[in-house]
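Dropping final_34.pdb in here (PDB, C-alpha atoms):
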ATOM      1  CA  MET H   4      -7.535  -8.072 -22.050
ATOM      2  CA  TYR H   5      -7.025  -4.703 -20.436
ATOM      3  CA  ASP H   6      -4.041  -2.388 -20.291
ATOM      4  CA  VAL H   7      -3.706  -1.242 -16.674
ATOM      5  CA  VAL H   8      -1.794   1.823 -15.548
ATOM      6  CA  LEU H   9      -0.889   1.675 -11.858
ATOM      7  CA  LEU H  10      -0.276   5.292 -10.891
ATOM      8  CA  THR H  11       1.632   6.393  -7.796
ATOM      9  CA  LEU H  12       2.076  10.043  -6.893
ATOM     10  CA  GLY H  13       5.609  11.177  -6.155
ATOM     11  CA  SER H  14       7.332  14.319  -4.954
ATOM     12  CA  GLY H  15       7.780  17.600  -6.776
ATOM     13  CA  GLY H  16       4.095  18.022  -7.658
ATOM     14  CA  ASP H  17       2.850  21.209  -9.260
ATOM     15  CA  ALA H  18       0.249  21.496  -6.500
ATOM     16  CA  PRO H  19       1.954  21.103  -3.097
ATOM     17  CA  GLY H  20      -0.196  19.193  -0.640
ATOM     18  CA  GLU H  21      -2.144  17.470  -3.419
ATOM     19  CA  GLY H  22       0.372  14.855  -4.490
ATOM     20  CA  CYS H  23       2.300  14.116  -1.304
ATOM     21  CA  GLY H  24       1.084  12.573   1.880
ATOM     22  CA  SER H  25       1.131  14.180   5.280
ATOM     23  CA  GLY H  26       4.508  14.820   6.819
ATOM     24  CA  GLY H  27       6.159  14.838   3.419
ATOM     25  CA  ALA H  28       5.477  11.145   2.910
ATOM     26  CA  CYS H  29       5.433  11.123  -0.873
ATOM     27  CA  CYS H  30       4.385   7.947  -2.659
ATOM     28  CA  GLY H  31       2.971   6.754   0.629
ATOM     29  CA  GLY H  32       6.450   6.315   2.074
ATOM     30  CA  ALA H  33       7.161   7.175   5.689
ATOM     31  CA  THR H  34       9.419  10.030   6.688
ATOM     32  CA  GLY H  35      12.174   9.651   9.232
ATOM     33  CA  SER H  36      10.004  11.229  11.918
ATOM     34  CA  ASP H  37       7.381   8.549  11.300
ATOM     35  CA  THR H  38       9.761   5.632  11.648
ATOM     36  CA  GLY H  39      12.466   6.899  13.989
ATOM     37  CA  SER H  40      15.094   6.458  11.265
ATOM     38  CA  ALA H  41      16.881   8.982   9.102
ATOM     39  CA  PRO H  42      14.665  10.254   6.280
ATOM     40  CA  LYS H  43      15.335   8.915   2.815
ATOM     41  CA  LYS H  44      16.021  11.131  -0.115
ATOM     42  CA  PRO H  45      12.800  11.927  -2.025
ATOM     43  CA  ASP H  46      13.959  10.246  -5.233
ATOM     44  CA  GLU H  47      15.057   7.101  -3.404
ATOM     45  CA  ARG H  48      11.775   6.868  -1.550
ATOM     46  CA  CYS H  49       9.583   7.476  -4.596
ATOM     47  CA  ASP H  50      11.516   5.349  -7.103
ATOM     48  CA  THR H  51      11.055   2.208  -5.002
ATOM     49  CA  PRO H  52       7.510   0.821  -5.473
ATOM     50  CA  ARG H  53       5.660  -0.017  -2.288
ATOM     51  CA  VAL H  54       4.926  -3.678  -1.571
ATOM     52  CA  PRO H  55       1.152  -3.334  -2.252
ATOM     53  CA  VAL H  56       1.935  -1.844  -5.677
ATOM     54  CA  LEU H  57       4.172  -4.776  -6.584
ATOM     55  CA  ALA H  58       1.658  -7.303  -5.234
ATOM     56  CA  CYS H  59      -1.207  -5.736  -7.188
ATOM     57  CA  THR H  60       0.924  -5.664 -10.331
ATOM     58  CA  ASP H  61       1.738  -9.364  -9.957
ATOM     59  CA  ALA H  62      -1.948 -10.216  -9.447
ATOM     60  CA  LEU H  63      -2.948  -8.259 -12.555
ATOM     61  CA  ILE H  64      -0.228  -9.845 -14.714
ATOM     62  CA  ALA H  65      -1.211 -13.299 -13.483
ATOM     63  CA  ARG H  66      -4.691 -12.596 -14.904
ATOM     64  CA  GLY H  67      -3.249 -11.629 -18.286
ATOM     65  CA  ALA H  68      -3.372  -7.847 -17.966
ATOM     66  CA  ARG H  69      -0.658  -5.670 -19.427
ATOM     67  CA  VAL H  70       0.523  -3.475 -16.563
ATOM     68  CA  GLU H  71       2.600  -0.320 -16.493
ATOM     69  CA  MET H  72       3.702   1.271 -13.220
ATOM     70  CA  VAL H  73       3.989   5.053 -13.393
ATOM     71  CA  THR H  74       5.190   7.500 -10.738
ATOM     72  CA  ALA H  75       3.930  11.019 -11.468
ATOM     73  CA  ARG H  76       5.638  13.957  -9.733
ATOM     74  CA  SER H  77       3.664  16.801 -11.301
ATOM     75  CA  ASP H  78       0.247  17.654 -12.666
ATOM     76  CA  ALA H  79       1.697  17.436 -16.174
ATOM     77  CA  GLU H  80       2.834  13.856 -15.581
ATOM     78  CA  ILE H  81      -0.577  12.926 -14.187
ATOM     79  CA  ASP H  82      -2.140  14.455 -17.307
ATOM     80  CA  GLU H  83       0.068  12.296 -19.548
ATOM     81  CA  VAL H  84      -1.432   9.209 -17.926
ATOM     82  CA  LEU H  85      -5.000  10.500 -18.091
ATOM     83  CA  ALA H  86      -4.658  11.239 -21.813
ATOM     84  CA  ARG H  87      -4.754   7.470 -22.382
ATOM     85  CA  LEU H  88      -8.393   7.536 -21.257
ATOM     86  CA  ASP H  89      -9.474   9.998 -23.963
ATOM     87  CA  GLY H  90     -12.206   9.023 -26.359
ATOM     88  CA  PRO H  91     -12.199   9.475 -30.137
ATOM     89  CA  PRO H  92     -12.339  13.014 -31.579
ATOM     90  CA  ARG H  93     -15.722  14.713 -31.306
ATOM     91  CA  PRO H  94     -17.322  16.995 -33.903
ATOM     92  CA  ASP H  95     -17.374  19.804 -31.322
ATOM     93  CA  GLY H  96     -13.643  19.437 -30.651
ATOM     94  CA  LEU H  97     -14.046  18.720 -26.907
ATOM     95  CA  THR H  98     -11.757  16.275 -25.121
ATOM     96  CA  TRP H  99     -14.056  13.560 -23.754
ATOM     97  CA  PRO H 100     -13.443  10.293 -21.878
ATOM     98  CA  ASP H 101     -13.789   7.031 -23.778
ATOM     99  CA  PRO H 102     -16.680   5.029 -22.239
ATOM    100  CA  ASP H 103     -15.365   1.870 -23.930
ATOM    101  CA  SER H 104     -11.690   2.319 -23.068
ATOM    102  CA  LYS H 105      -9.607  -0.833 -22.714
ATOM    103  CA  THR H 106      -7.197   1.043 -20.443
ATOM    104  CA  ARG H 107      -7.938   0.933 -16.740
ATOM    105  CA  LEU H 108      -6.430   3.276 -14.187
ATOM    106  CA  VAL H 109      -5.437   2.280 -10.658
ATOM    107  CA  VAL H 110      -4.333   4.981  -8.216
ATOM    108  CA  ALA H 111      -2.116   3.879  -5.321
ATOM    109  CA  THR H 112      -3.077   6.174  -2.450
ATOM    110  CA  ALA H 113      -1.537   6.841   0.933
ATOM    111  CA  ASN H 114      -4.347   9.274   1.743
ATOM    112  CA  ASP H 115      -7.499  10.747   0.259
ATOM    113  CA  GLY H 116      -5.624  13.869  -0.830
ATOM    114  CA  GLN H 117      -3.673  11.822  -3.362
ATOM    115  CA  LEU H 118      -6.826  10.331  -4.843
ATOM    116  CA  ARG H 119      -8.310  13.818  -4.975
ATOM    117  CA  ALA H 120      -5.254  15.075  -6.874
ATOM    118  CA  VAL H 121      -5.960  12.608  -9.695
ATOM    119  CA  VAL H 122      -9.717  13.242  -9.813
ATOM    120  CA  ARG H 123      -8.980  16.975  -9.850
ATOM    121  CA  ARG H 124      -6.891  16.507 -12.990
ATOM    122  CA  LEU H 125      -9.658  14.396 -14.553
ATOM    123  CA  VAL H 126     -12.058  17.303 -14.024
ATOM    124  CA  ARG H 127      -9.550  19.779 -15.459
ATOM    125  CA  ARG H 128      -9.146  17.570 -18.515
ATOM    126  CA  TYR H 129     -12.764  16.803 -19.326
ATOM    127  CA  ALA H 130     -14.846  19.715 -17.988
ATOM    128  CA  PRO H 131     -15.980  21.759 -21.009
ATOM    129  CA  PRO H 132     -15.860  25.569 -20.880
ATOM    130  CA  PRO H 133     -19.290  27.062 -20.049
ATOM    131  CA  SER H 134     -19.339  28.704 -23.487
ATOM    132  CA  ARG H 135     -18.984  25.283 -25.157
ATOM    133  CA  ARG H 136     -21.393  23.245 -23.078
ATOM    134  CA  PRO H 137     -22.482  20.264 -25.222
ATOM    135  CA  THR H 138     -26.055  19.057 -25.482
ATOM    136  CA  ASP H 139     -25.138  15.555 -24.270
ATOM    137  CA  LEU H 140     -23.949  16.825 -20.882
ATOM    138  CA  PRO H 141     -26.449  16.070 -18.063
ATOM    139  CA  ALA H 142     -28.424  19.149 -17.064
ATOM    140  CA  ASN H 143     -27.339  18.918 -13.410
ATOM    141  CA  ARG H 144     -23.634  18.551 -14.171
ATOM    142  CA  THR H 145     -20.668  20.555 -15.451
ATOM    143  CA  VAL H 146     -18.534  17.473 -16.204
ATOM    144  CA  PRO H 147     -19.257  14.258 -18.121
ATOM    145  CA  ASP H 148     -19.071  10.813 -16.534
ATOM    146  CA  LEU H 149     -15.404  10.661 -15.539
ATOM    147  CA  PRO H 150     -13.449   7.432 -16.143
ATOM    148  CA  THR H 151     -13.757   4.823 -13.417
ATOM    149  CA  VAL H 152     -10.763   4.709 -11.081
ATOM    150  CA  GLY H 153      -9.353   1.744  -9.200
ATOM    151  CA  VAL H 154      -8.148   2.541  -5.680
ATOM    152  CA  LEU H 155      -5.190   0.705  -4.136
ATOM    153  CA  PRO H 156      -4.793   1.809  -0.481
ATOM    154  CA  LEU H 157      -1.142   1.744   0.549
ATOM    155  CA  ASP H 158      -1.700   1.833   4.296
ATOM    156  CA  PRO H 159      -3.793  -0.337   6.647
ATOM    157  CA  ALA H 160      -7.312   0.748   7.464
ATOM    158  CA  ARG H 161      -7.452   3.127  10.409
ATOM    159  CA  GLY H 162     -10.004   2.811  13.161
ATOM    160  CA  GLY H 163     -11.608   5.654  15.067
ATOM    161  CA  GLY H 164     -13.520   8.617  13.756
ATOM    162  CA  GLN H 165     -11.356   9.535  10.765
ATOM    163  CA  ARG H 166     -11.714   6.779   8.179
ATOM    164  CA  ASP H 167     -10.361   7.106   4.670
ATOM    165  CA  LEU H 168     -12.707   7.026   1.701
ATOM    166  CA  ALA H 169     -11.790   3.471   0.699
ATOM    167  CA  THR H 170     -12.918   2.242   4.122
ATOM    168  CA  GLN H 171     -16.130   4.271   4.018
ATOM    169  CA  LEU H 172     -16.996   2.862   0.587
ATOM    170  CA  GLY H 173     -16.113  -0.697   1.550
ATOM    171  CA  LEU H 174     -13.491  -0.959  -1.178
ATOM    172  CA  PRO H 175     -10.996  -3.830  -1.050
ATOM    173  CA  ARG H 176      -7.589  -3.092   0.478
ATOM    174  CA  ASP H 177      -5.828  -6.378  -0.275
ATOM    175  CA  PRO H 178      -3.821  -5.962  -3.521
ATOM    176  CA  ALA H 179      -5.127  -9.205  -5.021
ATOM    177  CA  ALA H 180      -8.717  -8.192  -4.254
ATOM    178  CA  VAL H 181      -8.081  -4.766  -5.777
ATOM    179  CA  ALA H 182      -6.767  -6.453  -8.935
ATOM    180  CA  ALA H 183      -9.895  -8.626  -9.116
ATOM    181  CA  ALA H 184     -12.131  -5.558  -8.774
ATOM    182  CA  ILE H 185     -10.238  -3.808 -11.581
ATOM    183  CA  LEU H 186     -10.664  -6.706 -13.992
ATOM    184  CA  ASP H 187     -14.001  -8.220 -12.919
ATOM    185  CA  GLY H 188     -15.743  -5.569 -10.852
ATOM    186  CA  THR H 189     -18.397  -3.016 -11.676
ATOM    187  CA  PRO H 190     -18.255   0.780 -11.576
ATOM    188  CA  ARG H 191     -19.877   2.474  -8.599
ATOM    189  CA  ARG H 192     -20.768   6.042  -9.510
ATOM    190  CA  LEU H 193     -20.273   8.665  -6.798
ATOM    191  CA  ASP H 194     -21.069  12.317  -6.305
ATOM    192  CA  LEU H 195     -18.291  14.872  -6.582
ATOM    193  CA  LEU H 196     -18.011  18.313  -5.032
ATOM    194  CA  ARG H 197     -16.465  20.994  -7.218
ATOM    195  CA  ASN H 198     -15.505  24.369  -5.797
ATOM    196  CA  ASP H 199     -14.837  27.827  -7.159
ATOM    197  CA  GLY H 200     -11.187  27.559  -6.129
ATOM    198  CA  GLY H 201     -10.630  25.156  -9.023
ATOM    199  CA  SER H 202     -10.389  21.959  -6.998
ATOM    200  CA  VAL H 203     -12.681  19.096  -5.977
ATOM    201  CA  THR H 204     -13.747  17.320  -2.804
ATOM    202  CA  LEU H 205     -14.371  13.571  -2.612
ATOM    203  CA  ASP H 206     -15.090  13.064   1.092
ATOM    204  CA  GLY H 207     -15.551  16.418   2.789
ATOM    205  CA  ALA H 208     -14.098  19.535   4.334
ATOM    206  CA  LEU H 209     -13.814  20.731   7.925
ATOM    207  CA  ILE H 210     -13.439  24.450   8.513
ATOM    208  CA  GLY H 211     -11.951  25.551  11.828
ATOM    209  CA  ALA H 212      -8.887  24.772  13.923
ATOM    210  CA  ALA H 213      -7.501  24.280  17.412
ATOM    211  CA  ASP H 214      -4.533  25.812  19.204
ATOM    212  CA  ASP H 215      -1.398  23.898  20.242
ATOM    213  CA  ALA H 216      -3.145  22.742  23.401
ATOM    214  CA  GLY H 217      -6.064  21.309  21.432
ATOM    215  CA  ARG H 218      -8.503  24.042  22.422
ATOM    216  CA  PRO H 219     -10.883  25.062  19.615
ATOM    217  CA  LEU H 220     -10.328  28.451  18.025
ATOM    218  CA  HIS H 221     -13.613  30.195  17.349
ATOM    219  CA  TRP H 222     -14.126  31.967  14.039
ATOM    220  CA  ARG H 223     -16.898  33.839  12.287
ATOM    221  CA  GLY H 224     -18.350  33.334   8.859
ATOM    222  CA  ARG H 225     -21.597  33.292   6.906
ATOM    223  CA  VAL H 226     -22.646  29.776   5.904
ATOM    224  CA  GLU H 227     -25.402  29.245   3.328
ATOM    225  CA  VAL H 228     -26.794  25.995   1.930
ATOM    226  CA  ASP H 229     -29.006  26.774  -1.059
ATOM    227  CA  ASP H 230     -31.553  29.166   0.499
ATOM    228  CA  ALA H 231     -30.882  28.183   4.129
ATOM    229  CA  VAL H 232     -28.594  30.320   6.292
ATOM    230  CA  LEU H 233     -26.843  28.336   9.028
ATOM    231  CA  SER H 234     -24.806  31.288  10.279
ATOM    232  CA  THR H 235     -25.036  34.989   9.495
ATOM    233  CA  GLY H 236     -21.413  35.560  10.435
ATOM    234  CA  ASP H 237     -22.257  37.507  13.583
ATOM    235  CA  GLU H 238     -21.687  34.683  16.068
ATOM    236  CA  PRO H 239     -18.626  32.558  16.848
ATOM    237  CA  LEU H 240     -18.410  29.100  15.269
ATOM    238  CA  LEU H 241     -16.521  26.078  16.491
ATOM    239  CA  ALA H 242     -16.506  24.318  13.113
ATOM    240  CA  CYS H 243     -18.268  23.896   9.806
ATOM    241  CA  ALA H 244     -18.389  20.428   8.246
ATOM    242  CA  ILE H 245     -19.122  20.017   4.540
ATOM    243  CA  GLY H 246     -19.849  16.407   3.727
ATOM    244  CA  ASN H 247     -20.038  14.470   0.506
ATOM    245  CA  ALA H 248     -19.288  11.289   2.468
ATOM    246  CA  GLY H 249     -18.857  10.798   6.221
ATOM    247  CA  GLY H 250     -15.188  11.392   6.996
ATOM    248  CA  TYR H 251     -15.908  14.545   8.970
ATOM    249  CA  ALA H 252     -19.121  13.357  10.610
ATOM    250  CA  ARG H 253     -17.786  13.860  14.144
ATOM    251  CA  LEU H 254     -15.440  16.322  15.819
ATOM    252  CA  ASP H 255     -13.993  15.206  19.157
ATOM    253  CA  GLY H 256     -17.142  13.188  19.829
ATOM    254  CA  LEU H 257     -19.519  15.943  18.737
ATOM    255  CA  PRO H 258     -21.837  14.626  15.983
ATOM    256  CA  LEU H 259     -21.853  17.021  13.030
ATOM    257  CA  LEU H 260     -22.987  15.185   9.888
ATOM    258  CA  THR H 261     -25.723  12.593  10.201
ATOM    259  CA  ALA H 262     -26.178  11.069   6.758
ATOM    260  CA  GLY H 263     -23.036  11.323   4.666
ATOM    261  CA  ASP H 264     -23.916   9.524   1.441
ATOM    262  CA  PRO H 265     -21.804  10.112  -1.698
ATOM    263  CA  THR H 266     -24.596   8.788  -3.912
ATOM    264  CA  ASP H 267     -27.588  10.916  -2.841
ATOM    265  CA  GLY H 268     -26.875  13.929  -5.050
ATOM    266  CA  VAL H 269     -26.720  16.489  -2.222
ATOM    267  CA  VAL H 270     -24.128  17.977   0.105
ATOM    268  CA  GLU H 271     -24.705  17.895   3.864
ATOM    269  CA  VAL H 272     -23.475  20.840   5.919
ATOM    270  CA  ALA H 273     -23.314  21.391   9.666
ATOM    271  CA  VAL H 274     -22.073  24.217  11.864
ATOM    272  CA  ALA H 275     -21.308  23.917  15.562
ATOM    273  CA  VAL H 276     -22.166  27.064  17.539
ATOM    274  CA  PRO H 277     -21.026  27.454  21.163
ATOM    275  CA  VAL H 278     -23.896  28.558  23.411
ATOM    276  CA  VAL H 279     -23.175  29.880  26.910
ATOM    277  CA  THR H 280     -25.756  29.180  29.620
ATOM    278  CA  ARG H 281     -25.767  29.633  33.379
ATOM    279  CA  SER H 282     -27.021  27.244  35.994
ATOM    280  CA  ALA H 283     -29.300  28.209  38.876
ATOM    281  CA  LEU H 284     -26.162  28.780  40.928
ATOM    282  CA  GLY H 285     -24.758  31.136  38.325
ATOM    283  CA  ARG H 286     -22.120  28.762  36.966
ATOM    284  CA  LYS H 287     -21.294  29.297  33.323
ATOM    285  CA  ARG H 288     -21.656  26.325  31.024
ATOM    286  CA  VAL H 289     -20.937  25.950  27.319
ATOM    287  CA  ARG H 290     -22.886  23.617  25.087
ATOM    288  CA  PHE H 291     -22.761  23.276  21.328
ATOM    289  CA  GLU H 292     -25.728  23.817  19.080
ATOM    290  CA  VAL H 293     -25.399  21.967  15.777
ATOM    291  CA  ARG H 294     -27.342  23.352  12.821
ATOM    292  CA  ARG H 295     -27.636  21.232   9.707
ATOM    293  CA  ALA H 296     -28.891  21.564   6.145
ATOM    294  CA  ARG H 297     -28.709  19.611   2.888
ATOM    295  CA  GLY H 298     -28.757  20.975  -0.626
ATOM    296  CA  ARG H 299     -27.091  21.362  -3.984
ATOM    297  CA  ALA H 300     -24.493  23.993  -3.016
ATOM    298  CA  VAL H 301     -22.854  25.609   0.007
ATOM    299  CA  ALA H 302     -21.082  28.948   0.361
ATOM    300  CA  VAL H 303     -18.815  29.981   3.232
ATOM    301  CA  ILE H 304     -17.864  33.638   3.611
ATOM    302  CA  PRO H 305     -15.249  34.068   6.358
ATOM    303  CA  ARG H 306     -15.451  37.218   8.460
ATOM    304  CA  ASP H 307     -11.996  36.617   9.919
ATOM    305  CA  GLU H 308      -8.892  37.310   7.875
ATOM    306  CA  ARG H 309      -7.795  33.670   7.572
ATOM    307  CA  VAL H 310      -9.669  30.555   8.658
ATOM    308  CA  PRO H 311      -7.838  27.178   8.573
ATOM    309  CA  TYR H 312      -9.544  24.155   7.066
ATOM    310  CA  LEU H 313      -9.010  20.574   5.935
ATOM    311  CA  ASP H 314     -10.343  19.406   2.583
ATOM    312  CA  ASP H 315      -9.955  15.656   1.996
ATOM    313  CA  GLY H 316      -7.173  15.856   4.567
ATOM    314  CA  VAL H 317      -5.298  18.617   2.740
ATOM    315  CA  GLU H 318      -4.675  21.761   4.795
ATOM    316  CA  GLY H 319      -5.574  25.230   3.565
ATOM    317  CA  GLU H 320      -6.820  28.649   4.623
ATOM    318  CA  LEU H 321      -9.980  30.506   3.677
ATOM    319  CA  SER H 322      -9.539  34.238   3.215
ATOM    320  CA  ARG H 323     -12.503  34.908   0.925
ATOM    321  CA  LYS H 324     -15.772  33.328  -0.128
ATOM    322  CA  ARG H 325     -15.583  29.676  -1.159
ATOM    323  CA  SER H 326     -18.445  27.751  -2.751
ATOM    324  CA  TRP H 327     -18.861  24.012  -3.230
ATOM    325  CA  TRP H 328     -21.519  22.387  -5.407
ATOM    326  CA  THR H 329     -22.394  18.774  -6.038
ATOM    327  CA  GLU H 330     -21.954  16.924  -9.324
ATOM    328  CA  PRO H 331     -24.202  13.849  -8.951
ATOM    329  CA  GLY H 332     -22.580  10.605 -10.098
ATOM    330  CA  ALA H 333     -19.692  12.409 -11.777
ATOM    331  CA  TRP H 334     -16.900  10.002 -10.860
ATOM    332  CA  ALA H 335     -16.690   6.274 -10.163
ATOM    333  CA  VAL H 336     -14.600   3.585  -8.502
ATOM    334  CA  TRP H 337     -14.223  -0.086  -9.331
ATOM    335  CA  THR H 338     -15.924  -2.314  -6.764
ATOM    336  CA  ALA H 339     -15.906  -6.073  -6.340
TER     337      ALA H 339
END
Just dump the structure as structure tokens.
Amino acid sequence: MYDVVLLTLGSGGDAPGEGCGSGGACCGGATGSDTGSAPKKPDERCDTPRVPVLACTDALIARGARVEMVTARSDAEIDEVLARLDGPPRPDGLTWPDPDSKTRLVVATANDGQLRAVVRRLVRRYAPPPSRRPTDLPANRTVPDLPTVGVLPLDPARGGGQRDLATQLGLPRDPAAVAAAILDGTPRRLDLLRNDGGSVTLDGALIGAADDAGRPLHWRGRVEVDDAVLSTGDEPLLACAIGNAGGYARLDGLPLLTAGDPTDGVVEVAVAVPVVTRSALGRKRVRFEVRRARGRAVAVIPRDERVPYLDDGVEGELSRKRSWWTEPGAWAVWTA
């Protein structure tokens, strides 16, 4: 039978914004502003397992699995858990995942940023240096097949345009169904986006922002997808969507991405360009031209000093060139 580590991310992470949920909701817990009550102390909130975690643990134990619940509050503590997935020593000295591991990892996630935080550490652990690239690494990849991850969503599925990755992939949300997928399911391999900032993207990124009134703030930047240029940087942009999956397919009803598929080996990119026209009566109208391209890699070079963006729901700012490239089938989730 399997050893199962059920990992929850807590507060105090080495990478702020990676481990905690939005609004400071670490471990998937709600802050006082979310519930109308006084906020709990971080340690109190994170030391108390959420109900789905306990229910999944009970379901796994009932099936004979040996389960350990771990709350990690830093990258180092995440790494301690991931070390259990290491394979035997290799002649080349590289740390490599064990394809036959009897330890299975489940990540309890309140948002996609928390899942990304764990996959990011998997990449950091197993990606070989370019100078030590082994011959058994696929030619179109910089990382080996990462260990399969079980996903335990802590919050109900959300409707509307912004769906989390578990919903997009059709993964189970019920703790008992998650436990069954961990023990009886099959791996589903998915593409991964790496970037030159040292992180990864599972779903997608949306570059651009709005003011306090919700009005879009235009920005300028050069956007390239392989050999295609979607924007030279000389015209204002409403947004740029970079999609591995379909979480950022639409922006306020405007269709950006058309075919977000995390298994097709390519990244889809779209930019929305405001175009001003005038009617026969001289009235000014603004429409949005959407330009799209698909390829292996995308580069965004901001012309403005700082451009806000969301990457798997985590906020950031672009102040220099950022490149993303796809790693086909690099990571995997357990599916029923």
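Matched in the shown structure by the PyMOL selection byres ((chain H and resi 190) around 12): Pro102, Arg107, Asp148, Leu149, Pro150, Thr151, Val152, Gly153, Val154, Leu174, Ala184, Ile185, Leu186, Asp187, Gly188, Thr189, Arg191, Arg192, Leu193, Gly332, Ala333, Trp334, Ala335, Val336, Trp337, Thr338 and Ala339 of chain H.
The gap separating CA of Thr261 in chain H from CA of Leu241 in chain H is 17.5 Å, in Å to one decimal.
Going from CA of Val70 in chain H over to CA of Ala130 in chain H, you cover 27.9 Å.
Nearest to Arg69 in chain H of all the residues H:Leu260, H:Ala231, H:Val8, H:Ala275 is H:Val8, based on only C-alpha atoms.
Between CA of Ser202 in chain H and CA of Leu240 in chain H lies a distance of 24.7 Å.
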Item to check | Output of the PyMOL selection byres ((chain H and resi 297) around 7), listed as a ChimeraX atom specification | outcome: /H:228,269-272,296,298
Next on the checklist: My list of candidates is H:Ala248, H:Ala68, H:Leu220, H:Ala183. Which is closest to Leu168 in chain H when distances are computed with only C-alpha atoms?
Outcome noted: H:Ala248
Show me a table, sorted first by chain and then by increasing residue number, of the residues of range 169-273 of chain H having an atom at most 10 Å from range 115-127 of chain H, each with its shortest atom pair and the distance in Å to one decimal, counting all atoms listed in the file and written as CSV.
residue,atom,partner,partner_atom,distance
H:Ala169,CA,H:Asp115,CA,8.5
H:Leu195,CA,H:Val122,CA,9.3
H:Arg197,CA,H:Arg123,CA,8.9
H:Gly201,CA,H:Arg123,CA,8.4
H:Ser202,CA,H:Arg123,CA,5.9
H:Val203,CA,H:Arg123,CA,5.8
H:Thr204,CA,H:Arg119,CA,6.8
H:Leu205,CA,H:Arg119,CA,6.5
H:Asp206,CA,H:Asp115,CA,8.0
